[in-house]
Amino acid sequence: MRPGPLVLAAVVLAVAGTYLAGIAAEIPLWLVALALAALGIGIANTASLGLLVDAVPVERVATAMVVWSQIGILGYLLGPLPGGIVADSLGYAFIGAVPAAAGGVVVFLLRTSRSQMGRWTAQ
(Lines give C-alpha, C1' and ligand atoms only; values in the text may rest on other atoms or scores of the structure.)
Protein backbone atom coordinates (compact mmCIF):
# COMPACT_ATOMS: atom_id res chain seq x y z
CA MET A 1 0.00 0.00 0.00
CA ARG A 2 1.06 3.58 -0.59
CA PRO A 3 2.11 5.59 2.49
CA GLY A 4 -0.29 8.54 2.00
CA PRO A 5 -3.52 6.56 2.49
CA LEU A 6 -1.89 4.58 5.29
CA VAL A 7 -1.10 7.78 7.20
CA LEU A 8 -4.72 8.88 6.86
CA ALA A 9 -5.94 5.47 8.11
CA ALA A 10 -3.44 5.64 10.97
CA VAL A 11 -4.81 9.01 12.08
CA VAL A 12 -8.34 7.60 12.18
CA LEU A 13 -7.29 4.50 14.14
CA ALA A 14 -5.12 6.36 16.65
CA VAL A 15 -7.75 9.03 17.30
CA ALA A 16 -10.55 6.46 17.58
CA GLY A 17 -8.50 4.35 19.99
CA THR A 18 -7.60 7.31 22.16
CA TYR A 19 -11.17 8.59 22.21
CA LEU A 20 -12.48 5.13 23.11
CA ALA A 21 -9.89 4.81 25.89
CA GLY A 22 -11.12 8.09 27.32
CA ILE A 23 -14.76 6.99 27.47
CA ALA A 24 -14.25 3.30 28.29
CA ALA A 25 -15.33 2.28 31.76
CA GLU A 26 -14.65 -1.45 31.49
CA ILE A 27 -11.38 -3.28 30.93
CA PRO A 28 -12.39 -5.25 27.80
CA LEU A 29 -13.43 -2.06 26.02
CA TRP A 30 -10.27 -0.35 27.17
CA LEU A 31 -8.20 -3.20 25.70
CA VAL A 32 -9.97 -2.73 22.37
CA ALA A 33 -9.19 0.99 22.58
CA LEU A 34 -5.52 0.30 23.24
CA ALA A 35 -5.39 -2.15 20.34
CA LEU A 36 -6.89 0.45 17.97
CA ALA A 37 -4.50 3.15 19.15
CA ALA A 38 -1.50 0.82 18.95
CA LEU A 39 -2.44 -0.28 15.44
CA GLY A 40 -2.82 3.35 14.38
CA ILE A 41 0.51 4.33 15.91
CA GLY A 42 2.31 1.40 14.31
CA ILE A 43 0.85 2.12 10.88
CA ALA A 44 1.68 5.82 11.31
CA ASN A 45 5.33 5.07 12.08
CA THR A 46 5.69 2.79 9.07
CA ALA A 47 3.76 4.99 6.63
CA SER A 48 5.41 8.22 7.72
CA LEU A 49 8.81 6.65 7.14
CA GLY A 50 7.56 5.69 3.67
CA LEU A 51 6.58 9.30 3.01
CA LEU A 52 9.98 10.49 4.20
CA VAL A 53 11.95 8.03 2.06
CA ASP A 54 9.75 8.80 -0.95
CA ALA A 55 10.15 12.57 -0.59
CA VAL A 56 13.83 12.93 0.31
CA PRO A 57 16.79 12.25 -1.98
CA VAL A 58 18.98 9.34 -0.90
CA GLU A 59 21.91 11.57 -0.02
CA ARG A 60 19.73 13.51 2.46
CA VAL A 61 17.82 10.67 4.09
CA ALA A 62 20.02 10.48 7.20
CA THR A 63 19.52 14.18 7.96
CA ALA A 64 15.79 13.89 7.27
CA MET A 65 15.49 10.92 9.63
CA VAL A 66 17.25 12.85 12.40
CA VAL A 67 14.81 15.76 11.95
CA TRP A 68 11.87 13.30 11.82
CA SER A 69 13.06 11.69 15.03
CA GLN A 70 13.48 15.03 16.81
CA ILE A 71 9.98 16.15 15.82
CA GLY A 72 8.63 12.85 17.15
CA ILE A 73 10.45 13.32 20.45
CA LEU A 74 9.12 16.87 20.73
CA GLY A 75 5.58 15.59 20.24
CA TYR A 76 6.16 12.87 22.81
CA LEU A 77 7.36 15.45 25.33
CA LEU A 78 4.64 18.02 24.62
CA GLY A 79 1.69 15.62 24.27
CA PRO A 80 1.05 15.12 27.99
CA LEU A 81 0.59 18.87 28.53
CA PRO A 82 -2.49 19.36 26.32
CA GLY A 83 -3.67 15.86 27.20
CA GLY A 84 -3.57 16.65 30.90
CA ILE A 85 -5.23 20.02 30.43
CA VAL A 86 -8.07 18.50 28.38
CA ALA A 87 -8.57 15.60 30.79
CA ASP A 88 -8.56 17.91 33.81
CA SER A 89 -10.78 20.63 32.40
CA LEU A 90 -13.16 18.76 30.08
CA GLY A 91 -12.90 15.18 31.33
CA TYR A 92 -11.50 11.97 29.92
CA ALA A 93 -14.29 11.66 27.35
CA PHE A 94 -12.65 14.54 25.45
CA ILE A 95 -9.08 13.21 25.53
CA GLY A 96 -9.40 12.15 21.89
CA ALA A 97 -9.44 15.85 20.96
CA VAL A 98 -5.67 16.05 21.47
CA PRO A 99 -4.64 13.43 18.89
CA ALA A 100 -7.52 14.62 16.68
CA ALA A 101 -5.98 18.10 16.58
CA ALA A 102 -2.53 16.70 15.79
CA GLY A 103 -4.05 14.35 13.22
CA GLY A 104 -5.92 17.25 11.68
CA VAL A 105 -2.61 19.02 11.10
CA VAL A 106 -1.21 15.89 9.43
CA VAL A 107 -4.27 15.49 7.19
CA PHE A 108 -4.13 19.19 6.29
CA LEU A 109 -0.47 18.95 5.34
CA LEU A 110 -1.04 15.83 3.26
CA ARG A 111 -3.99 17.37 1.44
CA THR A 112 -2.36 20.74 0.76
CA SER A 113 0.66 19.13 -0.81
CA ARG A 114 -1.26 18.07 -3.92
CA SER A 115 1.77 17.47 -6.11
CA GLN A 116 3.26 15.10 -3.57
CA MET A 117 -0.07 13.51 -2.66
CA GLY A 118 -0.63 12.34 -6.23
CA ARG A 119 2.72 10.57 -6.11
CA TRP A 120 2.00 9.02 -2.69
CA THR A 121 -1.43 7.69 -3.58
CA ALA A 122 -0.66 6.37 -7.06
CA GLN A 123 -0.85 2.62 -7.38
# chains A, B, ... in the order shown; residues from 1 in each chain; ligands from 1
$ residues_around --residues "Ile41 of chain A" --least-positions-apart "4" --cutoff "9 Å" --atoms "only C-alpha atoms" --output "list in words"
Ala10, Val11, Leu13, Ala14, Leu36, Ala37, Asn45 and Thr46 of chain A
$ residues_around --residues "Ala97 of chain A" --least-positions-apart "5" --cutoff "9 Å" --atoms "only C-alpha atoms" --output "list in words"
Val15, Thr18, Tyr19, Gly83, Val86 and Ala102 of chain A
$ closest_atom_pairs --of "segment 76-101 of chain A" --to "segment 20-32 of chain A" --cutoff "8 Å" --atoms "only C-alpha atoms" --output "Markdown table"
| residue | atom | partner | partner_atom | distance |
| --- | --- | --- | --- | --- |
| A:Tyr92 | CA | A:Gly22 | CA | 4.7 |
| A:Ala93 | CA | A:Ile23 | CA | 4.7 |
| A:Phe94 | CA | A:Gly22 | CA | 6.9 |
| A:Ile95 | CA | A:Gly22 | CA | 5.8 |
| A:Gly96 | CA | A:Gly22 | CA | 7.0 |
$ closest_residue --among "A:Gly79, A:Met65, A:Ala38, A:Leu110" --to "Pro3 of chain A" --atoms "only C-alpha atoms"
A:Leu110
$ closest_residue --among "A:Ala35, A:Ala16, A:Ile43, A:Val61" --to "Pro99 of chain A" --atoms "only C-alpha atoms"
A:Ala16
$ atom_distance --atom1 "atom CA of Val12 of chain A" --atom2 "atom CA of Leu77 of chain A"
21.9 Å
$ select_by_dssp --residues "chain A" --states "alpha helix (DSSP H)" --output "MDAnalysis selection string"
chainID A and resid 3:23 27:55 61:78 80:89 97:112 114:121
$ closest_residue --among "A:Gly42, A:Gly72, A:Gly91, A:Gly4" --to "Arg111 of chain A" --atoms "only C-alpha atoms"
A:Gly4
$ atom_distance --atom1 "atom CA of Leu78 of chain A" --atom2 "atom CA of Leu90 of chain A"
18.6 Å
$ atom_distance --atom1 "atom CA of Ile85 of chain A" --atom2 "atom CA of Ala101 of chain A"
14.0 Å
